[in-house]
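Peer 1: Questions regarding the structure given below will be posed in turn.
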Amino acid sequence: MTFDFDRRIDRRNTRSYKWDQGEKLYGDKDVLPLWVADMDFLSPPAVREVIAKRAAIGIYGYSIREDSYLDSIVEWFRTRHGWTIKPEWITDVPSVVTSLSLCVEQFSEPGGDVVLQSPVYYPFYDVIRSNGRNVVKNPLVIRDGRLEMDYEQLETLFRAGAKLLLLCSPHNPGGRVWSREELLRLGELCLRYGVTVVSDEIHCDLALPGHKHIPFATLSPELADITVTCLAATKTFNLPGLHTSYTVISNPELRRKFEGRIKTLSLHMAQHFAQDAVQAAYREGGEWLDAMLTYVAGNVDFAIDYLAQHLPEVKPLRPEGTYLLWIDCRGLGLDVSGLKELMYRKAKVVFNEGSSFGSEGEGWLRINLACPRSIVEEALESFCRAANGL
Ligand SMILES: Cc1ncc(COP(=O)(O)O)c(C=O)c1O
């Protein structure tokens with residue numbers, strides 16, 4: 001089957017978080033948005049078909065969660081990631097951020113320290129702070145043009161008493177697909193200091209060609225025992241508006257605590273459309289996913305080449321996974337408001353301003369490349385022209 005990722009689909013006036021907030025957030029309804037991490041591509045055909053079929057029934061009553069839904073998850077991870085998951089380890093949760101928040105609440109003490117590796121997806125900070133815990137940073141360091149973990153600094157945080165780590169794997173915004181060696185070294189420290197790991201692997205299926213995601217819980221039985229893995233089909237197949245995700249927890253004690261909270265908050269009911277979409281995606285979406293990743297890898301090459309030619313002052317990190325490009329714009333000599341002015345007013349484009357991922361992101365921008373190449377080109381052209389005219 002062929003898929004037309006070049007096709008531009010008008011998403012304005014579709015209640016799109018990304019496309020319909022130009023006026024409200026940036027004072028200009030026509031800004032070109034390449035920020036929020038969803039895709040401007042149609043979901044796989046099998047997903048669209050099954051949703052249309054379900055919608056046609058016309059009654060949207062309470063749903064049971066079918067075994068075949070869990071089986072589709074198990075089968076996907078067995079074949080795509082070599083991970084054998086037992087169906088009873090899976091707990092449905094409305095969203096990954098919900099899981100992160102519940103894990104902070106359940107697996108750390110009030111007022112305690114929770115470690116994240118900055119710069120990182122901004123809700124990591126929110127879920128720690130809103131649960132009354134302290135954000136403790138283990139900043140990533142740039143070595144040889146990529147972000148790496150600082151194990152020495154991490155050990156000082158663990159030695160000082162932090163008992164929970166929020167891991168972003170693959171990493172947003174840095175696009176790292178952590179290697180087995182890196183994860184094992186991290187895991188050894190966690191085991192040594194009795195740290196529980198919440199591994200947000202929502203980007204697990206988005207390792208770009210030539211890279212392989214390693215689920216943290218597959219590293220060893222000991223590491224599986226201290227890990228909550230947060231997953232979803234939503235990032236992979238462009239379904240985030242369906243608001244559905246799940247955790248995989250093999251440790252019965254951790255799972256009991258987590259599921260207890262899900263029940264208390266009545267978050268456990270099945271979402272009517274989501275399980276159809278997830279099953280169709282996992283059973284029939286593999287070919288679409290591979291084609292999409294190849295297309296995005298082409299966008300990555302295009303963007304990196306374009307910036308090298310037209311704005312060599314900025315330095316993108318080549319992503320190994322995700323469809324996000326993290327760009328060091330400090331060479332432009334602008335502060336946060338200067339970068340915003342450049343994007344929203346002069347270039348009329350919206351990328352994510354880097355400091356929202358933590359102070360280490362100041363002077364950086366994140367560009368979402370999951371869109372037709374003509375949009376990437378239009379946005380970069382405007383941005384480079386505006387930056388060169390400063
Ligand atoms: C690392 C990471 N976790 C979680 C999410 C959001 O997941 P959800 O919509 O299921 O809360 C995103 C979305 O961009 C993400 O990048």
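By order of appearance in the structure tokens: chains A, B, ..., then residues from 1 within every chain, and ligands from 1 in the order shown.
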Just asking: which residues within stretch 100-346 of chain A are strand (DSSP E or B) according to DSSP, as a PyMOL selection string?
Peer 2: chain A and resi 113-116+134-137+141-143+146-148+164-168+196-200+207+227-231+245-248+270+315-317+321+324-328
Peer 1: Show me which residues sit within 8 Å of ligand 1 when counting only C-alpha atoms and all ligand atoms, and put them as an NGL selection string.
Peer 2: :A and (36-38 or 94-98 or 120-121 or 123 or 168-173 or 200-203 or 231-232 or 234-235 or 240-241 or 243-245)
Peer 1: Please compute the atom CA of A:Lys137-atom CA of A:Thr227 distance, one decimal, in Å.
Peer 2: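 Taking atom CA of A:Lys137 and atom CA of A:Thr227, their separation equals 19.6 Å.
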Peer 1: Please, which residues in stretch 2-95 of chain A fall within 12 Å of stretch 208-226 of chain A when counting only C-alpha atoms, and what is the closest atom pair and distance in Å to one decimal for each, ordered by chain then residue number, as CSV?
Peer 2:
```
residue,atom,partner,partner_atom,distance
A:Phe77,CA,A:Pro215,CA,9.5
A:Arg78,CA,A:Thr218,CA,11.3
A:Arg80,CA,A:His213,CA,9.7
A:His81,CA,A:Ile214,CA,7.4
A:Gly82,CA,A:Thr218,CA,8.6
A:Trp83,CA,A:Thr218,CA,6.5
A:Thr84,CA,A:Thr218,CA,8.6
A:Ile85,CA,A:Thr218,CA,9.8
A:Trp89,CA,A:Ala224,CA,11.3
```
Peer 1: Using only C-alpha atoms for the distances, tell me which of A:Gly285, A:Leu186, A:Gly174, A:Val114 is nearest to A:Gly145.
Peer 2: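 Ranked by minimum distance to A:Gly145, first place goes to A:Gly174.
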